[in-house]
Each structure stands twice: as structure tokens, then as C-alpha cells.
file target01.txt (compact mmCIF, C-alpha atoms and all ligand atoms)
# COMPACT_ATOMS: atom_id res chain seq x y z
CA MET A 1 9.67 21.06 -15.51
CA ASN A 2 12.31 21.01 -12.83
CA ILE A 3 12.07 17.90 -10.69
CA ASP A 4 14.98 16.60 -8.66
CA TRP A 5 14.15 12.89 -8.91
CA ASN A 6 16.70 11.92 -6.28
CA THR A 7 15.26 14.05 -3.51
CA LEU A 8 11.58 13.59 -4.31
CA GLY A 9 9.58 12.57 -1.23
CA PHE A 10 6.12 11.07 -0.89
CA HIS A 11 4.43 14.32 -1.91
CA TYR A 12 2.04 15.32 -4.64
CA THR A 13 3.64 16.74 -7.77
CA GLU A 14 1.17 17.91 -10.35
CA THR A 15 1.46 16.20 -13.73
CA ASP A 16 0.02 17.25 -17.11
CA TYR A 17 -3.12 15.13 -17.12
CA ILE A 18 -5.50 13.28 -14.89
CA VAL A 19 -7.94 10.71 -16.29
CA ARG A 20 -11.68 10.71 -15.61
CA SER A 21 -14.70 8.55 -16.26
CA ALA A 22 -18.23 9.12 -14.96
CA TYR A 23 -20.93 6.55 -14.24
CA ARG A 24 -24.31 7.83 -15.35
CA ASP A 25 -27.55 6.23 -16.55
CA GLY A 26 -26.21 2.77 -15.83
CA HIS A 27 -22.90 2.88 -17.66
CA TRP A 28 -19.30 4.06 -17.43
CA GLU A 29 -18.10 6.50 -20.04
CA ALA A 30 -14.79 5.84 -21.81
CA PRO A 31 -11.91 7.20 -19.68
CA TYR A 32 -10.55 10.51 -21.01
CA ALA A 33 -7.52 12.63 -20.15
CA THR A 34 -7.91 16.22 -19.03
CA ARG A 35 -5.63 18.96 -17.81
CA ASN A 36 -8.31 20.29 -15.49
CA LYS A 37 -7.61 19.07 -11.94
CA TYR A 38 -10.80 20.53 -10.48
CA LEU A 39 -14.18 18.87 -10.22
CA LYS A 40 -17.53 20.53 -10.60
CA LEU A 41 -19.27 18.81 -7.75
CA HIS A 42 -22.64 19.43 -6.15
CA VAL A 43 -22.27 20.51 -2.51
CA SER A 44 -24.62 17.69 -1.51
CA ALA A 45 -22.73 14.96 -3.36
CA THR A 46 -22.73 11.72 -1.36
CA CYS A 47 -18.91 11.70 -1.24
CA LEU A 48 -18.99 14.99 0.67
CA GLN A 49 -22.03 14.32 2.81
CA TYR A 50 -21.71 10.64 3.66
CA GLY A 51 -18.15 9.69 2.80
CA GLN A 52 -18.91 7.63 -0.33
CA GLU A 53 -15.27 7.54 -1.39
CA ALA A 54 -12.68 4.86 -2.09
CA PHE A 55 -9.16 5.09 -3.43
CA GLU A 56 -6.19 3.01 -4.50
CA GLY A 57 -2.44 3.36 -4.84
CA LEU A 58 -0.12 1.68 -7.34
CA LYS A 59 3.15 2.35 -9.07
CA ALA A 60 4.87 2.28 -12.46
CA PHE A 61 8.62 1.68 -12.44
CA ARG A 62 11.20 2.67 -15.07
CA GLY A 63 13.25 -0.53 -15.36
CA ILE A 64 16.88 -1.35 -16.00
CA ASP A 65 15.95 -2.02 -19.66
CA GLY A 66 14.27 1.37 -20.05
CA LYS A 67 10.82 -0.22 -20.13
CA VAL A 68 8.06 0.80 -17.78
CA ARG A 69 6.37 -1.79 -15.56
CA ILE A 70 3.02 -1.29 -13.92
CA PHE A 71 2.86 -3.51 -10.83
CA ARG A 72 -0.20 -5.75 -10.25
CA TRP A 73 -2.76 -3.12 -11.22
CA GLN A 74 -5.41 -5.83 -11.68
CA GLU A 75 -5.22 -6.49 -7.92
CA ASN A 76 -5.82 -2.80 -7.23
CA ALA A 77 -8.79 -2.90 -9.59
CA ARG A 78 -10.23 -5.88 -7.70
CA ARG A 79 -9.64 -4.26 -4.34
CA MET A 80 -11.33 -1.06 -5.47
CA GLN A 81 -14.29 -3.16 -6.62
CA ARG A 82 -14.53 -4.64 -3.12
CA SER A 83 -14.24 -1.15 -1.55
CA ALA A 84 -17.00 0.09 -3.89
CA GLU A 85 -19.27 -2.77 -2.87
CA GLY A 86 -18.43 -2.07 0.79
CA LEU A 87 -19.75 1.49 0.48
CA LYS A 88 -22.59 0.71 -1.94
CA MET A 89 -20.88 2.39 -4.88
CA GLN A 90 -20.76 1.25 -8.49
CA PRO A 91 -17.60 -0.88 -8.96
CA VAL A 92 -15.26 0.24 -11.73
CA PRO A 93 -14.86 -2.65 -14.21
CA THR A 94 -11.31 -4.01 -14.48
CA ASP A 95 -11.00 -3.04 -18.16
CA ILE A 96 -11.98 0.60 -17.47
CA PHE A 97 -9.56 0.69 -14.53
CA GLY A 98 -6.71 -0.64 -16.69
CA GLU A 99 -7.52 1.66 -19.60
CA ALA A 100 -7.49 4.67 -17.27
CA ILE A 101 -4.11 3.72 -15.75
CA ARG A 102 -2.54 3.15 -19.20
CA LEU A 103 -3.92 6.46 -20.47
CA ALA A 104 -2.67 8.32 -17.38
CA LEU A 105 0.77 6.82 -18.00
CA LYS A 106 0.78 7.59 -21.72
CA LYS A 107 -0.25 11.22 -21.20
CA ASN A 108 2.32 11.85 -18.46
CA LYS A 109 5.40 10.10 -19.84
CA ARG A 110 7.70 12.94 -18.92
CA PHE A 111 6.84 12.41 -15.26
CA ILE A 112 8.06 8.81 -15.14
CA PRO A 113 11.20 9.02 -12.98
CA PRO A 114 14.44 7.66 -14.45
CA TYR A 115 15.81 4.28 -13.39
CA GLU A 116 17.90 4.21 -10.22
CA THR A 117 16.55 7.38 -8.66
CA GLY A 118 14.34 5.50 -6.19
CA ALA A 119 11.39 7.49 -7.51
CA THR A 120 8.37 6.04 -9.34
CA LEU A 121 5.19 7.21 -10.99
CA TYR A 122 2.42 6.67 -8.44
CA PHE A 123 -1.22 6.43 -9.46
CA ARG A 124 -4.00 7.39 -7.09
CA PRO A 125 -7.27 6.02 -8.49
CA LEU A 126 -10.25 7.63 -6.76
CA LEU A 127 -13.94 6.71 -6.80
CA ILE A 128 -16.53 9.15 -5.45
CA GLY A 129 -20.30 9.34 -5.19
CA THR A 130 -21.52 12.45 -7.03
CA THR A 131 -25.32 12.25 -6.58
CA PRO A 132 -26.73 15.21 -4.60
CA ARG A 133 -28.54 13.80 -1.54
CA LEU A 134 -29.55 14.96 1.88
CA GLY A 135 -31.49 11.85 2.87
CA VAL A 136 -29.03 9.34 4.27
CA GLY A 137 -28.23 6.70 1.68
CA PRO A 138 -26.04 5.88 -1.32
CA GLY A 139 -26.16 7.79 -4.61
CA LYS A 140 -26.55 6.55 -8.17
CA GLU A 141 -23.86 8.55 -9.98
CA PHE A 142 -20.13 8.12 -9.53
CA GLU A 143 -16.88 9.48 -10.86
CA PHE A 144 -13.67 7.52 -11.28
CA ILE A 145 -10.47 9.55 -11.49
CA VAL A 146 -6.82 8.56 -11.82
CA ILE A 147 -4.40 11.09 -10.37
CA PRO A 148 -0.75 10.43 -11.26
CA SER A 149 2.18 11.87 -9.34
CA PRO A 150 5.89 11.09 -9.39
CA ILE A 151 6.94 10.18 -5.85
CA GLY A 152 10.05 9.35 -3.93
CA PRO A 153 10.27 6.89 -1.05
CA TYR A 154 7.49 7.07 1.57
CA TYR A 155 10.01 7.08 4.39
CA GLU A 156 12.90 9.42 3.74
CA GLY A 157 16.33 7.86 3.47
CA LYS A 158 15.07 4.95 1.33
CA PHE A 159 15.65 1.77 3.34
CA HIS A 160 16.10 2.45 7.00
CA CYS A 161 14.37 1.54 10.25
CA THR A 162 11.43 3.32 11.84
CA SER A 163 10.04 3.05 15.37
CA PHE A 164 6.42 2.44 16.33
CA ILE A 165 4.29 3.11 19.38
CA VAL A 166 1.47 0.74 20.33
CA ASN A 167 -1.92 2.48 20.11
CA ARG A 168 -4.91 1.35 22.18
CA ARG A 169 -6.67 4.71 22.41
CA VAL A 170 -8.09 5.27 18.92
CA ASP A 171 -9.55 2.65 16.58
CA ARG A 172 -9.11 3.21 12.84
CA ALA A 173 -11.91 0.78 11.92
CA ALA A 174 -14.39 -1.49 13.69
CA PRO A 175 -13.88 -5.28 13.55
CA LEU A 176 -16.77 -5.71 11.14
CA GLY A 177 -16.53 -2.20 9.69
CA THR A 178 -14.64 -0.79 6.73
CA GLY A 179 -11.05 -1.61 7.71
CA ALA A 180 -10.64 -4.12 4.88
CA PHE A 181 -11.70 -1.51 2.34
CA LYS A 182 -9.50 1.34 1.13
CA VAL A 183 -11.86 4.18 1.94
CA GLY A 184 -11.05 7.71 3.02
CA GLY A 185 -13.03 7.43 6.25
CA ASN A 186 -10.55 4.92 7.70
CA TYR A 187 -7.72 7.37 7.19
CA ALA A 188 -9.54 10.36 8.67
CA ALA A 189 -10.46 8.12 11.62
CA SER A 190 -6.79 7.24 12.12
CA PHE A 191 -5.44 10.81 12.17
CA ARG A 192 -5.91 11.34 15.93
CA ALA A 193 -3.76 8.28 16.59
CA THR A 194 -1.13 8.88 13.91
CA GLU A 195 -0.69 12.55 14.81
CA ALA A 196 -0.31 11.68 18.51
CA ALA A 197 2.26 9.00 17.60
CA HIS A 198 4.22 11.45 15.43
CA ALA A 199 4.19 14.03 18.21
CA ALA A 200 5.82 11.41 20.45
CA GLY A 201 8.41 10.63 17.75
CA TYR A 202 6.91 7.37 16.47
CA ASP A 203 4.72 5.84 13.81
CA CYS A 204 1.47 4.31 14.99
CA LEU A 205 0.99 0.57 15.53
CA PHE A 206 -2.75 -0.09 15.55
CA THR A 207 -4.12 -2.90 17.69
CA ASP A 208 -7.40 -4.68 17.00
CA SER A 209 -10.42 -2.59 17.95
CA LYS A 210 -12.18 -5.32 19.92
CA THR A 211 -9.56 -6.38 22.47
CA HIS A 212 -6.50 -4.22 21.74
CA HIS A 213 -4.35 -7.29 22.39
CA TYR A 214 -3.44 -8.06 18.78
CA ILE A 215 -1.42 -6.21 16.14
CA ASP A 216 -3.57 -4.87 13.32
CA GLU A 217 -1.66 -2.44 11.10
CA CYS A 218 1.38 -0.19 11.01
CA SER A 219 -0.04 3.27 10.24
CA ALA A 220 -1.14 2.85 6.60
CA ALA A 221 0.75 -0.39 5.99
CA ASN A 222 0.53 -4.08 6.92
CA PHE A 223 2.70 -5.59 9.66
CA ILE A 224 5.14 -8.42 8.97
CA GLY A 225 7.41 -10.14 11.45
CA ILE A 226 10.10 -12.80 11.18
CA LYS A 227 10.10 -15.18 14.10
CA LYS A 228 13.29 -15.69 16.07
CA ASN A 229 15.44 -18.49 14.76
CA THR A 230 18.96 -19.49 15.60
CA ASP A 231 19.97 -20.01 12.00
CA CYS A 232 19.08 -16.83 10.13
CA SER A 233 22.43 -15.16 9.56
CA ALA A 234 22.85 -13.05 6.43
CA ASP A 235 25.09 -15.78 4.92
CA ARG A 236 22.50 -18.45 5.58
CA VAL A 237 19.74 -16.45 3.91
CA GLN A 238 21.73 -15.96 0.75
CA THR A 239 23.09 -19.49 0.46
CA ALA A 240 20.07 -21.51 1.51
CA PRO A 241 18.76 -23.61 -1.37
CA LEU A 242 15.07 -23.13 -2.08
CA THR A 243 14.26 -26.63 -0.92
CA ASP A 244 16.03 -26.19 2.40
CA GLN A 245 13.23 -26.00 4.95
CA PHE A 246 15.18 -24.22 7.64
CA THR A 247 12.56 -22.72 9.80
CA ILE A 248 12.21 -19.08 9.01
CA GLU A 249 8.67 -18.05 9.80
CA TYR A 250 7.04 -15.06 8.13
CA LEU A 251 4.19 -13.87 10.33
CA THR A 252 1.47 -11.41 9.41
CA PRO A 253 -1.80 -10.60 11.21
CA ARG A 254 -5.15 -12.12 10.37
CA SER A 255 -7.83 -9.54 11.08
CA SER A 256 -11.14 -8.53 9.56
CA ALA A 257 -10.21 -4.86 9.96
CA ILE A 258 -6.95 -4.62 8.02
CA LEU A 259 -6.42 -3.82 4.38
CA PRO A 260 -5.35 -6.85 2.32
CA SER A 261 -2.02 -5.47 1.12
CA ILE A 262 -0.88 -6.35 -2.39
CA THR A 263 2.73 -5.84 -1.32
CA ASN A 264 2.26 -8.26 1.58
CA ASP A 265 0.64 -10.79 -0.75
CA SER A 266 3.64 -10.50 -3.10
CA LEU A 267 6.16 -10.83 -0.26
CA MET A 268 4.32 -13.89 1.07
CA ALA A 269 4.63 -15.51 -2.36
CA LEU A 270 8.36 -14.75 -2.42
CA ALA A 271 8.76 -16.02 1.16
CA ARG A 272 7.03 -19.31 0.27
CA GLU A 273 9.33 -19.70 -2.75
CA ARG A 274 12.27 -19.46 -0.37
CA GLY A 275 10.88 -22.29 1.72
CA TYR A 276 9.88 -20.00 4.59
CA LYS A 277 6.85 -20.89 6.62
CA VAL A 278 4.22 -18.21 6.01
CA THR A 279 1.65 -17.82 8.77
CA ARG A 280 -1.27 -15.45 8.86
CA ARG A 281 -2.85 -15.43 12.31
CA LYS A 282 -3.72 -13.18 15.23
CA ILE A 283 -0.46 -11.84 16.70
CA ARG A 284 -0.35 -10.58 20.29
CA VAL A 285 1.69 -7.44 20.90
CA GLU A 286 3.94 -9.32 23.39
CA GLU A 287 4.96 -11.69 20.59
CA LEU A 288 7.18 -8.90 19.31
CA SER A 289 9.74 -10.23 21.80
CA ASP A 290 9.87 -13.48 19.76
CA MET A 291 10.68 -11.68 16.52
CA GLN A 292 14.10 -11.03 15.12
CA GLU A 293 12.88 -8.72 12.37
CA ALA A 294 9.70 -6.81 11.70
CA ALA A 295 8.53 -4.29 9.14
CA ALA A 296 5.68 -2.29 7.72
CA CYS A 297 4.86 -3.11 4.11
CA GLY A 298 2.85 -1.35 1.43
CA THR A 299 3.05 0.09 -2.06
CA ALA A 300 4.50 3.38 -0.89
CA CYS A 301 7.34 2.05 1.27
CA VAL A 302 7.56 -1.54 -0.11
CA ILE A 303 9.18 -2.69 3.16
CA SER A 304 10.06 -0.38 5.99
CA PRO A 305 11.95 -2.23 8.72
CA ILE A 306 11.06 -1.57 12.37
CA ASP A 307 13.87 -1.11 14.89
CA LYS A 308 11.74 -0.87 18.02
CA VAL A 309 8.18 -0.78 19.28
CA TYR A 310 7.26 1.10 22.45
CA ASP A 311 4.21 0.00 24.41
CA PRO A 312 3.28 2.97 26.65
CA ASP A 313 0.50 1.13 28.50
CA ASN A 314 2.96 -1.45 29.80
CA ASN A 315 6.03 0.79 29.70
CA ARG A 316 7.85 -1.80 27.64
CA THR A 317 10.10 -1.44 24.60
CA TYR A 318 10.56 -4.27 22.13
CA HIS A 319 13.94 -4.02 20.42
CA LEU A 320 14.10 -5.64 17.00
CA THR A 321 17.04 -4.66 14.79
CA ASP A 322 19.19 -1.51 14.69
CA GLU A 323 19.74 -2.03 10.97
CA PRO A 324 17.38 -3.67 8.45
CA GLY A 325 17.66 -7.44 9.04
CA PRO A 326 18.90 -9.94 6.40
CA ILE A 327 15.62 -11.74 5.70
CA LEU A 328 13.45 -8.71 5.06
CA THR A 329 16.28 -6.95 3.22
CA GLU A 330 16.55 -9.90 0.83
CA LEU A 331 12.78 -10.00 0.28
CA TYR A 332 12.76 -6.25 -0.32
CA GLN A 333 15.52 -6.57 -2.91
CA ALA A 334 13.81 -9.50 -4.59
CA LEU A 335 10.54 -7.61 -4.96
CA GLN A 336 12.26 -4.44 -6.17
CA ASP A 337 14.28 -6.52 -8.66
CA ILE A 338 11.03 -7.79 -10.18
CA GLN A 339 9.53 -4.29 -10.23
CA TYR A 340 12.62 -2.84 -11.95
CA GLY A 341 13.02 -5.73 -14.42
CA ARG A 342 16.29 -6.99 -12.91
CA ARG A 343 14.90 -10.46 -12.16
CA PRO A 344 12.45 -12.61 -14.16
CA ASP A 345 8.83 -11.83 -13.37
CA THR A 346 7.80 -15.46 -12.97
CA HIS A 347 4.52 -14.47 -11.32
CA HIS A 348 3.51 -12.17 -14.20
CA TRP A 349 3.01 -9.30 -11.76
CA CYS A 350 4.18 -6.53 -14.09
CA GLU A 351 2.52 -5.17 -17.18
CA VAL A 352 5.39 -4.02 -19.36
CA VAL A 353 4.69 -0.85 -21.29
CA ASP A 354 7.05 0.49 -23.95
CA SER A 355 7.51 4.09 -23.10
N1 LIG B 1 -2.84 -0.94 4.93
C1 LIG B 1 -3.31 0.29 4.70
C2 LIG B 1 -4.26 0.88 5.68
C3 LIG B 1 -2.94 0.98 3.54
O1 LIG B 1 -3.39 2.21 3.30
C4 LIG B 1 -2.05 0.37 2.64
C5 LIG B 1 -1.66 1.05 1.41
O2 LIG B 1 -2.21 0.89 0.39
C6 LIG B 1 -1.59 -0.92 2.91
C7 LIG B 1 -2.00 -1.55 4.08
C8 LIG B 1 -0.68 -1.62 1.97
O3 LIG B 1 -1.37 -2.09 0.85
P1 LIG B 1 -0.65 -2.24 -0.55
O4 LIG B 1 0.51 -3.12 -0.35
O5 LIG B 1 -1.67 -2.85 -1.43
O6 LIG B 1 -0.27 -0.87 -0.98
C1 LIG B 2 0.83 2.66 0.60
O1 LIG B 2 0.64 2.83 -0.59
O2 LIG B 2 1.66 1.82 1.01
C2 LIG B 2 0.15 3.45 1.60
O3 LIG B 2 0.51 3.41 2.72
C3 LIG B 2 -0.99 4.25 1.20
C4 LIG B 2 -1.02 5.60 1.83
C5 LIG B 2 -0.02 6.49 1.22
C6 LIG B 2 -2.41 6.13 1.73
call {"tool": "encode", "arguments": {"input": "target01.txt", "output": "C-alpha cells"}}
result
Amino acid sequence: MNIDWNTLGFHYTETDYIVRSAYRDGHWEAPYATRNKYLKLHVSATCLQYGQEAFEGLKAFRGIDGKVRIFRWQENARRMQRSAEGLKMQPVPTDIFGEAIRLALKKNKRFIPPYETGATLYFRPLLIGTTPRLGVGPGKEFEFIVIPSPIGPYYEGKFHCTSFIVNRRVDRAAPLGTGAFKVGGNYAASFRATEAAHAAGYDCLFTDSKTHHYIDECSAANFIGIKKNTDCSADRVQTAPLTDQFTIEYLTPRSSAILPSITNDSLMALARERGYKVTRRKIRVEELSDMQEAAACGTACVISPIDKVYDPDNNRTYHLTDEPGPILTELYQALQDIQYGRRPDTHHWCEVVDS
């Protein structure tokens, strides 16, 4: 094995084992580890024919104390259960999900990146419909698979700003469709928009599919913004006592078509602890001019600050920050400190595994 942990990007690196469990005759089999990364799948399986597929993404971190922490996997289990119900698949019970993640970790210990490399062991749980069917409808058999891979930061260069372009041409999910579920179809549906954005030198800022007035998501991540305030200097952020209600407002979109991000949920909890006002509501694109900081957030990038947003339909550029701003930088560090065991995990977000 010859992995340069420090230069690892967000790419698949094959590990020794994946973990599998099939649902047949009304029950899930015990998860087992296998070296075989290929599936024997009928060509008419419902995952191939009708997109019966859901996935997840979560990380294990090698901490400052040498211990390994799996971050909020129970939330991923719950979200995958909601995705399964959304596509009429059999939900994976939380205990099977957890057992599979722990087994995948145990069998691939040598792929857990060392502390301070910025790399982590990422788990990609996958749920697919395996019943052969040509008639349109859901199947009865399913397979749950956990694919581990060590990964580096999603955006190269660790913590730096990225630029977004407002998209009103391609919808990733309908307002009452599957946007709130983590299903492959949403991603395939977004490729036209994300590839066009990349070709123009940006990441893609999705607007709501009904009116295209409101911010939905940042590529495959949630949007967060910090409202302009006269008193948010770096010094002020670090010295403000928790009870000091100076008005920093953390804004994030409310939409039926966005994925409820576990990272965003965690950051909102940290923001509330700091006395910030946390608001989840519809956010018009033009409100970007009232924000002093903004970022994309998700498991892969944690927080990825946004320096500017270009709106091609109105030929307008919203300038945010050239460098990551103080409020989101502090929240990023706080969350990473918990994930790496440098700060008490008062929320009990991490499962600590001796490894
Ligand atoms: N939105 C989309 C579409 C995503 O794919 C992801 C990644 O999982 C997120 C948001 C962020 O969610 P989380 O923080 O749970 O990783
Ligand atoms: C994330 O985990 O934050 C993502 O954006 C998921 C993506 C890599 C599919």
C-alpha cells in the first residue's frame, strides 16, 4: 500500500473489504465483509431499470488521542431510511447500518488516515433494488453495501474559497420530488448544470425549481450565509461570551427539495450555542448582497467558504469574502475539533472506536 495521505483528494481508493447485506424473504442477513467489489446483478434489477437506489456518506476521523471517531452515523442511518421509504425500498434498520459501518472500519484499519493529514476514512453506504422487473414498479429484494475509501478534502487546498454561478436552467429535483432524499437520480439530474458551471469556471448554485428566485443548494452541499452585521470582526467572534446576544444571524434555506444536511444541522447547533440567531427560511438570490460570509457545507467539505456568486441572468456578481470569514472559520474549526477529539463532544456526536 502506497498512499500519500497528504495529497489524497476526494477520489475513490480501493480498500481491502466492502461490507454487504441482502434483504430477502422478509429479512436482512447479517452484514459480512468481502474482498469482492463486484455484484452479480440481474440486468433487469429495479436499481438499473427504474433507479431504485439510495446512498449515504459519512466519515471516521483519526483523532489527536489516536482513537477513531465515527461522526453521527445514526443520522445517516435515519436519512437512508427516509430515502428508502421515498423510493419504496426496504429501509435498513439502524442496528444493521451501524454493524456494517463498524465492520467496514474494523476490516480496513490500515486505510484510516493518520491524524493531521486532513484525510479521513469515508464510508459510502449504498442501497439498491435487486429484483428483476420489467413492469414499472418497486422490487422486493434489496442489497445494502458499505464501500469505504480514504479521502482527502473535497475541495483541493483544504480551506479556501470557491465561486458559484446561479443556475436557473436545470432543476436537480422537483419541489415535491426526491430532492430531500439522497438518491442517485438527483445527482444524475444535476450533471447538466454542474458540468456547465464547471466549464464556466464555477460551482453550481441551484435555485428552487418552482420559481428560481430562491437559493436551494450549492452543488452537492447545503448553503449557509451569515447576515451582514457591523460587529463581527475576528476579535469579536473569539471574545464574545456565549450569552452575548450580538446579532450574528446564520441563515440557511428552507426548501422541500434540498437534502437535510447533517453537517448543517451540527453547525446550526454550534451556532445556537454561540448565541447566534439561526434562521431557516426561503432566501432570495438577491439577499446575497446582505451577507458578509457564505459557504457550502456537507460531509465531504465540512465548510467551503464562497468568495463570490455570479448571476448570469442579471449580469450581477455578489462579492462575499476574498478569504474565509471569521464566523464560518470559527464554526469550521469547532466542528473539526469535535471530530478530531480536540474539544469535548458535548452533543455525543461521535462514536469512539479503539483502533
Ligand atoms: N446536499 C446534497 C445534495 C448532498 O449530496 C450532501 C452530501 O451529503 C449534502 C447536501 C450535505 O449533507 P451532509 O452534511 O449530511 O453530508
Ligand atoms: C458530501 O458528502 O458533502 C457530498 O457532497 C456528497 C457528494 C460527494 C455525493
call {"tool": "atom_distance", "arguments": {"input": "target01.txt", "atom1": "CA of Ser44 in chain A", "atom2": "CA of Pro132 in chain A"}}
result
4.5 Å
call {"tool": "residues_around", "arguments": {"input": "target01.txt", "residues": "Met268 in chain A", "least_positions_apart": "4", "cutoff": "8 Å", "atoms": "all atoms listed in the file", "output": "VMD selection string"}}
result
chain A and resid 250 264 272 278
call {"tool": "residues_near_ligand", "arguments": {"input": "target01.txt", "ligand": "ligand LIG 1 (chain B)", "cutoff": "9 Å", "atoms": "all atoms listed in the file", "output": "MDAnalysis selection string"}}
result
chainID A and resid 55:58 75:76 79 172 179:183 186:187 217:223 258:266 296:302
call {"tool": "residues_around", "arguments": {"input": "target01.txt", "residues": "Ser209 in chain A", "least_positions_apart": "5", "cutoff": "9 Å", "atoms": "only C-alpha atoms", "output": "ChimeraX atom specification"}}
result
/A:168,170-175,214,216,257
call {"tool": "residues_near_point", "arguments": {"input": "target01.txt", "point": "(-20.5, 4.4, -16.6)", "cutoff": "10 Å", "atoms": "only C-alpha atoms", "output": "list in words"}}
result
Ser21, Ala22, Tyr23, Arg24, Asp25, Gly26, His27, Trp28, Glu29, Ala30, Pro31, Gln90, Pro91, Val92, Pro93, Ile96, Glu141, Phe142, Glu143 and Phe144 of chain A
call {"tool": "closest_residue", "arguments": {"input": "target01.txt", "among": "A:Val353, A:Val166, A:Cys204, A:Met291", "to": "Asn315 in chain A", "atoms": "only C-alpha atoms"}}
result
A:Val166
call {"tool": "axis_aligned_box", "arguments": {"input": "target01.txt", "around": "ligand LIG 2 (chain B)", "padding_each_side": "8 Å", "output": "JSON"}}
result
{"center_x": -0.4, "center_y": 4.2, "center_z": 1.1, "size_x": 20.1, "size_y": 20.7, "size_z": 19.3}
call {"tool": "atom_distance", "arguments": {"input": "target01.txt", "atom1": "CA of Gly9 in chain A", "atom2": "atom C6 of ligand LIG 2 (chain B)"}}
result
13.9 Å
call {"tool": "closest_residue", "arguments": {"input": "target01.txt", "among": "A:Ser190, A:Asn108, A:Thr247, A:Gln292", "to": "ligand LIG 2 (chain B)", "atoms": "all atoms listed in the file"}}
result
A:Ser190
call {"tool": "closest_residue", "arguments": {"input": "target01.txt", "among": "A:Ala193, A:Leu103, A:Ile145, A:Arg284", "to": "Thr211 in chain A", "atoms": "only C-alpha atoms"}}
result
A:Arg284
call {"tool": "closest_residue", "arguments": {"input": "target01.txt", "among": "A:Ile101, A:Leu87, A:Ile248, A:Leu8", "to": "Thr117 in chain A", "atoms": "only C-alpha atoms"}}
result
A:Leu8
